[in-house]
Amino acid sequence: MTVELICVGTELLLGNIVNTNAAYISEKCAMLGLSMFYQSVVGDNERRLEELLKTAKGRSDVIILCGGLGPTQDDLTKETAAKVMGRPLVEDKRARKEIEEFMAKRSRNVTENNWKQALVPKDSKVLYNPNGTAPGIIIKEGEQRVILLPGPPNELIPMFEEQVYPYLHAIQPETICSKMVKLCGVGESSAETKILDLIEGQTNPTVAPYAKTGEVHLRLTAKAASEAEAFQLIVPVEEELKKRFGNLIYTDDPTVTLEMAVYELLKAHNLTVTTAESCTGGLLAGRLINVPGISTYLKEGYVTYSNEAKEKLLGVPAEILRQHGAVSPQTAEAMAEGGAKAAGADICVAVTGIAGPDGGTEDKPVGLVYMSCYCRGKLHTEKNQYSGSRSKIREYSVASALTLLRRAILEH
């Protein structure tokens with residue numbers, strides 16, 4: 001079955017509020033095995049909403065509308081849906097009573113426009129709302145359903161969980177389940193090339209690569225009669241990915257971040273770490289500090305933006321800075337060795353580069369970043385060339401530094 005989502009509200013188009021309902025409903029529909037091909041946002045305009053709903057009726061089995069069920073004149077979703085579906089509005093006595101009780105509990109007077117919310121399209125299923133005054137509605141016409149939901153997430157989410165999800169599950173018994181395999185140290189194009197045969201030959205499950213900042217995530221999705229069966233279909237594909245990518249995979253748990261994976265390695269090998277940063281200015285240490293418990297293994301962090309700071313705090317020889325410059329592999333290595341020694345840590349990862357927008361030269365352009373990881377006597381050094389804004393270059397540098405740190409620990 002296909003599902004289409006229409007979010008109603010001029011405030012969404014203006015960017016006054018973030019449309020979190022769309023992400024929530026999309027995820028739930030995927031879990032139900034419903035294929036969502038279209039999503040739309042439309043303002044509080046009856047003509048445009050009517051046109052959009054008529055288009056949706058011609059192509060989707062289930063149409064979900066959220067927002068526009070309130071008591072004011074610009075709340076037009078229910079009235080427009082009733083018109084398109086050819087249903088008159090009638091008063092629902094239980095809805096009227098619940099509005100009365102809801103307002104009384106909060107010592108608020110019921111204004112005349114509140115009774116508008118007790119009107120529902122004739123012969124529709126009413127989804128009563130204990131968290132607000134606007135009930136939801138399901139209008140069925142043949143095998144097609146139009147589902148109207150209130151906009152506020154504190155009303156929409158419980159209504160969907162408790163009433164809409166079971167209703168849709170009963171008419172669509174299949175479910176879709178996904179698993180995310182996360183990689184670092186490989187680009188999206190390289191990752192896709194390695195699995196092109198899987199992508200081209202896929203049916204069920206499917207594999208889709210997603211580029212993240214300094215990472216690639218591979219989403220495995222399967223459809224089956226139950227969650228257990230869907231995940232069983234995913235198992236052999238995931239095993240194949242592990243064969244092809246090996247240690248480039250740092251987790252298949254969607255809740256685990258790259259810094260969390262690094263923390264687990266530090267913990268497993270009882271290694272202490274410090275950071276020595278120039279262009280990233282503390283962002284690398286900040287990523288590590290995101291992880292609860294890191295204080296046992298992160299000794300301290302150095303932000304050495306100037307040459308003087310590199311000499312004073314990390315012991316980088318002045319001769320290296322004079323001969324090779326602050327942005328060089330030699331300086332990155334001296335920072336890494338000096339940081340480990342200064343902190344008394346097993347490991348130090350160092351980053352130095354040109355984040356821009358100024359400061360670049362023909363030999364050393366903006367986006368050039370050197371990083372080095374000292375791990376118990378061994379240096380791992382790499383050069384990277386990034387593009388984009390200053391903040392983007394710094395973000396990519398941090399992701400690459402975490403990847404380098406992880407690789408150094410694994411090799412150690």
# chains A, B, ... in the order shown; residues from 1 in each chain; ligands from 1
$ residues_around --residues "Val349 in chain A" --least-positions-apart "4" --cutoff "6 Å" --atoms "only C-alpha atoms" --output "VMD selection string"
chain A and resid 275 336 372 to 373
$ residues_around --residues "Gln385 in chain A" --least-positions-apart "2" --cutoff "10 Å" --atoms "only C-alpha atoms" --output "PyMOL selection string"
chain A and resi 353-354+364-370+383+387+393+396-397
$ residues_around --residues "Ala82 in chain A" --least-positions-apart "3" --cutoff "12 Å" --atoms "only C-alpha atoms" --output "number ranges by chain"
A: 46, 49-50, 53-54, 76-79, 85-90, 119-124, 137-141, 146-148
$ closest_residue --among "A:Cys348, A:Ile289, A:Leu258, A:Leu321" --to "Glu277 in chain A" --atoms "only C-alpha atoms"
A:Cys348
$ select_by_dssp --residues "range 85-272 of chain A" --states "alpha helix (DSSP H)" --output "PyMOL selection string"
chain A and resi 85+93-105+153-159+165-171+188-194+196-200+227-245+258-269
$ residues_around --residues "Val18 in chain A" --least-positions-apart "3" --cutoff "12 Å" --atoms "only C-alpha atoms" --output "list in words"
Cys7, Gly9, Thr10, Glu11, Leu12, Leu13, Leu14, Gly15, Asn21, Ala22, Ala23, Val41, Gly151, Pro152 and Pro153 of chain A
$ atom_distance --atom1 "CA of Gly286 in chain A" --atom2 "CA of Pro317 in chain A"
27.0 Å
$ closest_atom_pairs --of "range 245-345 of chain A" --to "range 170-186 of chain A" --cutoff "12 Å" --atoms "only C-alpha atoms" --output "tab-separated table"
residue	atom	partner	partner_atom	distance
A:Phe245	CA	A:Leu183	CA	8.1
A:Gly246	CA	A:Leu183	CA	9.5
A:Asn247	CA	A:Leu183	CA	8.5
A:Leu248	CA	A:Leu183	CA	5.3
A:Ile249	CA	A:Leu183	CA	4.4
A:Tyr250	CA	A:Leu183	CA	5.8
A:Thr251	CA	A:Lys182	CA	5.5
A:Asp252	CA	A:Val181	CA	4.4
A:Asp253	CA	A:Met180	CA	6.8
A:Pro254	CA	A:Met180	CA	6.0
A:Thr255	CA	A:Met180	CA	9.7
A:Val256	CA	A:Lys182	CA	9.1
A:Thr257	CA	A:Lys182	CA	8.8
A:Leu258	CA	A:Cys184	CA	8.1
A:Glu259	CA	A:Cys184	CA	11.3
A:Ala261	CA	A:Lys182	CA	10.6
A:Val262	CA	A:Cys184	CA	11.5
$ atom_distance --atom1 "CA of Ser189 in chain A" --atom2 "CA of Ser391 in chain A"
23.2 Å
$ select_by_dssp --residues "range 117-263 of chain A" --states "strand (DSSP E or B)" --output "count of residues only"
48
$ residues_around --residues "Thr280 in chain A" --least-positions-apart "6" --cutoff "9 Å" --atoms "only C-alpha atoms" --output "list in words"
Val303, Tyr305, Val351, Thr352, Gly353, Ala355, Ile393, Arg394, Glu395, Ser397 and Val398 of chain A
$ closest_residue --among "A:Val327, A:Ile25, A:Ile347, A:Ala56" --to "Asp363 in chain A" --atoms "only C-alpha atoms"
A:Val327
$ closest_residue --among "A:Ile195, A:Leu298, A:Ala30, A:Val84" --to "Lys267 in chain A" --atoms "only C-alpha atoms"
A:Leu298
$ atom_distance --atom1 "CA of Lys378 in chain A" --atom2 "CA of Met335 in chain A"
13.5 Å
$ closest_residue --among "A:Arg244, A:Met159, A:Pro209, A:Ala222" --to "Lys194 in chain A" --atoms "only C-alpha atoms"
A:Arg244
$ closest_residue --among "A:Ser40, A:Thr331, A:Asn384, A:Thr213" --to "Glu188 in chain A" --atoms "only C-alpha atoms"
A:Thr213
$ residues_around --residues "Leu34 in chain A" --least-positions-apart "5" --cutoff "7 Å" --atoms "only C-alpha atoms" --output "PyMOL selection string"
chain A and resi 1-3+29
$ write_last_selection --atoms "N, CA, C and O atoms" --output "PDB file, in the first residue's frame"
ATOM      1  N   MET A   1       0.841  -1.200   0.000  1.00  0.00           N
ATOM      2  CA  MET A   1       0.000   0.000   0.000  1.00  0.00           C
ATOM      3  C   MET A   1       0.875   1.248   0.000  1.00  0.00           C
ATOM      4  O   MET A   1       1.949   1.268   0.573  1.00  0.00           O
ATOM      5  N   THR A   2       0.375   2.277  -0.666  1.00  0.00           N
ATOM      6  CA  THR A   2       1.115   3.543  -0.709  1.00  0.00           C
ATOM      7  C   THR A   2       0.476   4.550   0.242  1.00  0.00           C
ATOM      8  O   THR A   2      -0.743   4.564   0.427  1.00  0.00           O
ATOM      9  N   VAL A   3       1.322   5.384   0.825  1.00  0.00           N
ATOM     10  CA  VAL A   3       0.841   6.410   1.759  1.00  0.00           C
ATOM     11  C   VAL A   3       1.415   7.751   1.344  1.00  0.00           C
ATOM     12  O   VAL A   3       2.540   7.831   0.830  1.00  0.00           O
ATOM     13  N   CYS A  29       5.369   4.937   9.244  1.00  0.00           N
ATOM     14  CA  CYS A  29       4.791   4.325   8.048  1.00  0.00           C
ATOM     15  C   CYS A  29       5.748   3.298   7.443  1.00  0.00           C
ATOM     16  O   CYS A  29       5.315   2.256   6.935  1.00  0.00           O
TER      17      CYS A  29
END
